[in-house]
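*Asks:* Let me give you the structure first, and then I'll get to my questions.
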Amino acid sequence: MWTPGQSVAPFIDHTLLKAEARTADIEQLCQEALAYQFYSVCVNGRWVRLSRERLGGTNVKVCAVVGFPLGAAATRAKAFEAAAAVEDGASEIDMVLSIGKLLDRDFDSVQRDISSVVRAVQGGALVKVILETGALTDELKREACRISEAAGADYVKTSTGFGPGKATEADIRLMRSSVSGHLGVKASGGVRDAATAEAMLLAGASRIGTSSGIAIVGGDPAAAGAY
């Protein structure tokens, strides 16, 4: 866990998930992650293999999103996407749960969806479950955390950054209190400066997902991204 005075860089998933991202953008993302020693790069599945090629032999991991950003893909499609990402070199999977089914309170369906992704990676990657907290009541946030843990996930995560709302300290505290100590909590969505990142870590986050990592660790406002 992070402590005040410690660098936040090792807790950051350096993120680029825009549809218009190109090869040069992903290569730059990887170079930045190496330069600043971020924990990982977080990319769409199309870019996992390139990221792994650029980061092979380093400590920087590759994280891939699955069912992103809506969570509404068929469960078998999510499972295939996750397995393909691991085959291409991802060691972490950030999947969006089935938000509509959660709002329907069809909790069994939501758990099966997450479990399918967990089984698909066969222990070859950590699985983080994105709740999209801005669309949920506190009751459903807690239920989503419970379901994620029961399904075998390793982390719960606040937001896609593409949906309503953003990460809040209150949600991080709620999520941290809703899962066992061995599960991680990831804050993502609207974390764009050092003060916000540190507040999330103090509230109980164990990872930060952001496209503003350089601004956070280097203090360059021009490096602040949208995620």
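By order in the structure tokens, chains are A, B, ...; within a chain, residues start at 1; ligands start at 1, following the order shown.
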Identify, on the basis of only C-alpha atoms, every residue whose closest approach to Lys18 in chain A does not exceed 12 Å; exclude the query and any residue fewer than 4 positions from it along the same chain; express the result as a list of chain:residue names.

*Replies:* A:Arg22, A:Asp25, A:Ile26, A:Cys42, A:Val43, A:Asn44, A:Arg46, A:Trp47, A:Val65, A:Phe68, A:Pro69, A:Thr160, A:Gly161, A:Phe162, A:Ser211, A:Gly225, A:Ala226, A:Tyr227

*Asks:* Deliver the residues from the most recent selection as a file, using C-alpha atoms, as a PDB file, in the first residue's frame.

*Replies:*
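Contents of selection-v2.pdb, as written:
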ATOM      1  CA  ARG A  22      -2.309   4.887 -33.448  1.00  0.00           C
ATOM      2  CA  ASP A  25       0.810   6.746 -29.723  1.00  0.00           C
ATOM      3  CA  ILE A  26       1.064   3.282 -28.182  1.00  0.00           C
ATOM      4  CA  CYS A  42      -3.470  -0.191 -20.102  1.00  0.00           C
ATOM      5  CA  VAL A  43      -4.576  -0.544 -23.716  1.00  0.00           C
ATOM      6  CA  ASN A  44      -7.274  -1.963 -25.946  1.00  0.00           C
ATOM      7  CA  ARG A  46      -5.571  -4.515 -30.550  1.00  0.00           C
ATOM      8  CA  TRP A  47      -2.448  -3.038 -28.990  1.00  0.00           C
ATOM      9  CA  VAL A  65      -9.507  -3.968 -21.309  1.00  0.00           C
ATOM     10  CA  PHE A  68     -14.947  -2.099 -22.920  1.00  0.00           C
ATOM     11  CA  PRO A  69     -16.479   0.407 -22.367  1.00  0.00           C
ATOM     12  CA  THR A 160     -14.310   3.136 -17.424  1.00  0.00           C
ATOM     13  CA  GLY A 161     -13.694   6.860 -17.758  1.00  0.00           C
ATOM     14  CA  PHE A 162     -16.187   6.806 -20.642  1.00  0.00           C
ATOM     15  CA  SER A 211      -3.977   8.899 -18.833  1.00  0.00           C
ATOM     16  CA  GLY A 225      -5.238  13.272 -20.320  1.00  0.00           C
ATOM     17  CA  ALA A 226      -8.951  12.629 -20.415  1.00  0.00           C
ATOM     18  CA  TYR A 227      -9.161   9.289 -18.606  1.00  0.00           C
TER      19      TYR A 227
END

*Asks:* I need the residues in range 12-223 of chain A that are alpha helix (DSSP H) according to DSSP; give them as a PyMOL selection string.

*Replies:* chain A and resi 23-36+48-55+75-88+99-103+107-121+138-150+169-178+194-203+213-218

*Asks:* Considering only C-alpha atoms, return as a list in words whatever protein or nucleic-acid residues lie within 10 Å of Gly71 in chain A, sequence-local ones (same chain, fewer than 4 positions apart) excluded.

*Replies:* Val66, Gly67, Thr75, Lys78, Met95, Val96, Leu97, Ser98, Ile99, Gly100, Lys101, Asp113, Ile130, Leu131, Glu132 and Thr160 of chain A

*Asks:* For CA of Arg49 in chain A and CA of Asp88 in chain A, determine how far apart the two atoms are, in Å to one decimal place.

*Replies:*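 Separating CA of Arg49 in chain A from CA of Asp88 in chain A is a distance of 5.0 Å.
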
*Asks:* One decimal, Å: what's the distance from CA of Val156 in chain A over to CA of Val129 in chain A, could you say?

*Replies:* 4.8 Å

*Asks:* Skipping near chain neighbours, those fewer than 5 positions away, what residues fall within 8 Å of Ser178 in chain A using only C-alpha atoms, listed as a ChimeraX atom specification?

*Replies:* /A:142,145-146

*Asks:* Can you tell me which residues surround Gly152 in chain A at a distance of at most 10 Å, considering only C-alpha atoms, apart from same-chain residues fewer than 6 positions away, and format the answer as a PyMOL selection string?

*Replies:* chain A and resi 111+114-119+126-128+183

*Asks:* Go ahead and dump the residues you just picked, C-alpha atoms, as a short mmCIF file (atom, residue, chain, number, x, y, z; two decimals), in the first residue's frame.

*Replies:*
data_model
loop_
_atom_site.label_atom_id
_atom_site.label_comp_id
_atom_site.auth_asym_id
_atom_site.auth_seq_id
_atom_site.Cartn_x
_atom_site.Cartn_y
_atom_site.Cartn_z
CA GLN A 111 -21.43 -13.48 -11.58
CA ILE A 114 -17.22 -12.43 -14.50
CA SER A 115 -16.49 -16.08 -13.75
CA SER A 116 -16.26 -16.84 -17.46
CA VAL A 117 -13.50 -14.28 -17.89
CA VAL A 118 -11.67 -15.53 -14.79
CA ARG A 119 -11.79 -19.09 -16.14
CA LEU A 126 -5.15 -10.75 -12.80
CA VAL A 127 -8.78 -9.85 -13.43
CA LYS A 128 -10.10 -6.43 -12.43
CA LEU A 183 -8.55 -8.01 -3.27
#

*Asks:* For Thr23 in chain A, work out the shell of residues within 10 Å, counting only C-alpha atoms and skipping chain neighbours fewer than 6 positions away, then give it as an MDAnalysis selection string.

*Replies:* chainID A and resid 29 47 50:51

*Asks:* Show which residues sit within 8 Å of Thr158 in chain A, as a CSV table (one decimal) with N, CA, C and O atoms, in the first residue's frame. Count only C-alpha atoms, and ignore same-chain residues fewer than 6 positions away.

*Replies:*
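Result file is out_7.csv:
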chain,number,residue,atom,x,y,z
A,130,ILE,N,-14.6,-3.8,-13.6
A,130,ILE,CA,-15.0,-2.4,-13.6
A,130,ILE,C,-16.5,-2.3,-13.4
A,130,ILE,O,-17.3,-2.9,-14.1
A,131,LEU,N,-16.9,-1.5,-12.3
A,131,LEU,CA,-18.3,-1.5,-11.9
A,131,LEU,C,-19.1,-0.4,-12.6
A,131,LEU,O,-20.3,-0.5,-12.6
A,132,GLU,N,-18.4,0.7,-13.1
A,132,GLU,CA,-19.1,1.9,-13.6
A,132,GLU,C,-19.9,2.5,-12.5
A,132,GLU,O,-21.1,2.6,-12.5
A,133,THR,N,-19.2,2.9,-11.4
A,133,THR,CA,-19.9,3.3,-10.2
A,133,THR,C,-20.9,4.5,-10.4
A,133,THR,O,-21.8,4.6,-9.6
A,166,LYS,N,-17.2,9.8,-12.1
A,166,LYS,CA,-15.7,9.5,-12.0
A,166,LYS,C,-15.4,8.9,-10.6
A,166,LYS,O,-16.3,8.7,-9.8
A,167,ALA,N,-14.2,8.5,-10.5
A,167,ALA,CA,-13.8,7.9,-9.2
A,167,ALA,C,-13.9,9.0,-8.1
A,167,ALA,O,-13.6,10.2,-8.3
A,171,ASP,N,-16.4,6.4,-2.9
A,171,ASP,CA,-16.6,5.1,-3.6
A,171,ASP,C,-15.4,4.2,-3.3
A,171,ASP,O,-15.6,2.9,-3.1
A,172,ILE,N,-14.2,4.7,-3.2
A,172,ILE,CA,-13.0,3.9,-2.9
A,172,ILE,C,-13.2,3.3,-1.5
A,172,ILE,O,-13.0,2.1,-1.3
A,186,LYS,N,-9.1,-0.4,-7.6
A,186,LYS,CA,-8.5,0.5,-8.5
A,186,LYS,C,-9.4,1.7,-8.8
A,186,LYS,O,-10.6,1.6,-9.0
A,187,ALA,N,-8.8,2.9,-8.6
A,187,ALA,CA,-9.5,4.1,-8.9
A,187,ALA,C,-9.2,4.6,-10.3
A,187,ALA,O,-8.1,4.7,-10.7
A,188,SER,N,-10.3,4.8,-11.1
A,188,SER,CA,-10.1,5.3,-12.4
A,188,SER,C,-11.2,6.2,-12.8
A,188,SER,O,-12.3,6.0,-12.3
A,189,GLY,N,-10.9,7.2,-13.7
A,189,GLY,CA,-11.9,8.1,-14.1
A,189,GLY,C,-11.8,9.4,-13.4
A,189,GLY,O,-12.1,9.6,-12.2

*Asks:* Do you have the CA of Thr15 in chain A-CA of Cys30 in chain A distance handy?

*Replies:* 9.9 Å

*Asks:* Write down as a PyMOL selection string the residues belonging to range 17-226 of chain A that are assigned strand (DSSP E or B) by DSSP computed on the backbone.

*Replies:* chain A and resi 40-43+61-66+92-96+126-130+155-157+184-188+207-210

*Asks:* Here is a test: counting only C-alpha atoms, which residue of A:Leu103, A:Ala120, A:Ala74, A:Val110 is nearest to Glu139 in chain A?

*Replies:*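 Looking at the shortest contact to Glu139 in chain A, the residue is A:Leu103.
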